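Everything below concerns the one structure shown next.
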Amino acid sequence: MTPRVLAIANQKGGVGKTTTALSLAAALAMTGRRILVMDLDPHGCASAHVGIFPEAVAASSAEVFWAASPGAVPWERVVTRPEKAAFDLAPSHARLADMEWDLRERKGKGVLLREALASGPAYDHVLLDCPPHTGVVLVNALVAADLCVIPIQTDFLALHGVRNLFDTMRALNAALPRPVPFRALATMCDRRARACRRVLALLREKFVGRMFETIIGLDTKFREASAAGCVIQDIAPDSRGAREYDALAQEVLSL
Ligand SMILES: Nc1ncnc2c1ncn2[C@@H]1O[C@H](COP(=O)(O)OP(=O)(O)OP(=O)(O)O)[C@@H](O)[C@H]1O
Ligand SMILES: [Mg+2]
């Protein structure tokens with residue numbers, strides 16, 4: 001069974017990619033589905049957030065790129081279950097930052113992740129927490145994605161930053177048999193601020209039919225959850241942030 005792959009991507013940093021990957025994974029897991037989060041960011045924030053420290057693990061997401069063939073990825077060593085999580089994790093590795101070099105002579109290097117997931121372990125959904133920079137790892141994630149979720153901080157500068165990702169997607173779309181399907185997700189939205197509401201209106205104009213209806217508001221519980229090594233649903237299941245990611249999960253399932 002091939003899982004549905006969701007790439008959580010935006011080349012702008014600090015927009016809520018990792019928070020979205022983990023909170024959406026937890027919300028999807030709560031519906032009884034089998035979920036894997038792959039930490040593809042060499043900084044390893046998703047891994048650390050759930051108490052898995054990349055320097056202490058036996059194997060990581062990088063194995064996907066190092067395996068002799070996509071069928072040879074040692075998934076049983078790569079995948080781990082964080083103590084407090086209802087989903088599995090493939091942790092990060094600092095060497096993910098050097099994949100350009102490691103794969104310099106590899107043929108078909110853009111499809112390694114897609115092929116590895118097609119013959120990999122059985123999950124309903126695989127969520128890819130993408131690095132905030134362009135490169136072979138991000139290209140692999142976008143090529144593997146059935147849906148690219150683009151968190152956009154509800155802020156004027158964030159609109160400017162998202163251009164890089166669309167440049168990458170345009171270049172890929174010219175080479176792929178089908179364009180990368182995507183949905184924009186407004187994050188960290190302060191509904192009381194008029195500037196935020198204006199950016200939201202701009203986003204809705206720009207992404208007609210390509211934007212999640214769910215809006216993720218500002219919630220201090222997200223930071224509390226990362227400090228506690230878990231996701232927001234664990235520490236504050238009734239918080240606004242937790243309920244918004246539950247709504248996002250329903251929307252993702254309905255697409
Ligand atoms: N909706 C929210 N409300 C309040 N804080 C949030 C929200 N979403 C994320 N944060 C906080 O903002 C910070 C950045 O979020 P996150 O790490 O998810 O972004 P990112 O896009 O993955 O960043 P990077 O590009 O560095 O990987 C974190 O401290 C996180 O706890
Ligand atoms: Mg991140």
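Letters A, B, ... mark the chains of the structure tokens in the order given; residue numbers begin at 1 per chain; ligand numbers begin at 1, in order shown.
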
Using only C-alpha atoms and all ligand atoms, find each residue with an atom at most 10 Å away from ligand 1 and format the answer as an MDAnalysis selection string.
chainID A and resid 8:23 40:46 49 129:133 150:154 186:190 215:227 231:232 240:242 244:245

DSSP alpha helix (DSSP H) selection over range 136-232 of chain A, as number ranges by chain
A: 136-144, 156-161, 163-175, 194-206, 221-227, 232

Selected residues, C-alpha atoms, written as a compact mmCIF listing (two decimals), in the first residue's frame, please.
# COMPACT_ATOMS: atom_id res chain seq x y z
CA VAL A 136 17.95 18.00 -3.53
CA VAL A 137 16.14 17.08 -0.28
CA LEU A 138 13.36 19.63 -0.86
CA VAL A 139 13.09 18.53 -4.51
CA ASN A 140 12.71 14.90 -3.36
CA ALA A 141 9.95 15.95 -0.95
CA LEU A 142 8.02 17.90 -3.59
CA VAL A 143 8.38 15.11 -6.15
CA ALA A 144 7.13 12.56 -3.59
CA PHE A 156 3.24 40.97 4.97
CA LEU A 157 6.88 39.80 4.74
CA ALA A 158 5.78 36.17 4.63
CA LEU A 159 4.00 36.83 1.34
CA HIS A 160 7.27 38.02 -0.11
CA GLY A 161 9.16 34.96 1.19
CA ARG A 163 8.02 33.41 -3.88
CA ASN A 164 11.11 31.16 -3.60
CA LEU A 165 8.97 28.08 -3.09
CA PHE A 166 6.82 28.91 -6.12
CA ASP A 167 9.99 29.35 -8.23
CA THR A 168 11.11 25.86 -7.14
CA MET A 169 7.66 24.40 -7.85
CA ARG A 170 7.52 26.07 -11.29
CA ALA A 171 10.91 24.59 -12.23
CA LEU A 172 9.75 21.15 -11.06
CA ASN A 173 6.39 21.42 -12.79
CA ALA A 174 8.20 21.88 -16.10
CA ALA A 175 9.94 18.51 -15.59
CA ARG A 194 -6.21 44.54 11.47
CA ALA A 195 -2.90 44.01 9.59
CA CYS A 196 -3.35 40.23 9.98
CA ARG A 197 -6.87 40.36 8.64
CA ARG A 198 -5.63 42.34 5.62
CA VAL A 199 -2.92 39.75 4.90
CA LEU A 200 -5.53 37.01 5.22
CA ALA A 201 -7.71 38.77 2.63
CA LEU A 202 -4.67 39.09 0.32
CA LEU A 203 -3.84 35.39 0.73
CA ARG A 204 -7.41 34.43 -0.11
CA GLU A 205 -7.23 36.56 -3.27
CA LYS A 206 -3.88 35.13 -4.30
CA LYS A 221 0.42 26.46 23.95
CA PHE A 222 2.52 25.50 20.88
CA ARG A 223 5.68 26.72 22.59
CA GLU A 224 4.67 25.05 25.85
CA ALA A 225 4.19 21.77 23.99
CA SER A 226 7.66 21.91 22.41
CA ALA A 227 9.19 22.65 25.82
CA ILE A 232 -0.25 20.61 21.59

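Of the listed residues A:Asp246, A:Glu83, A:Asp146, A:Glu213, the one whose atoms come nearest to Val50 in chain A is A:Glu83, with distances taken using only C-alpha atoms.
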
So, counting only C-alpha atoms, which residue among A:Glu251, A:Glu63, A:Asp88, A:Glu105 is closest to Tyr123 in chain A?
A:Asp88
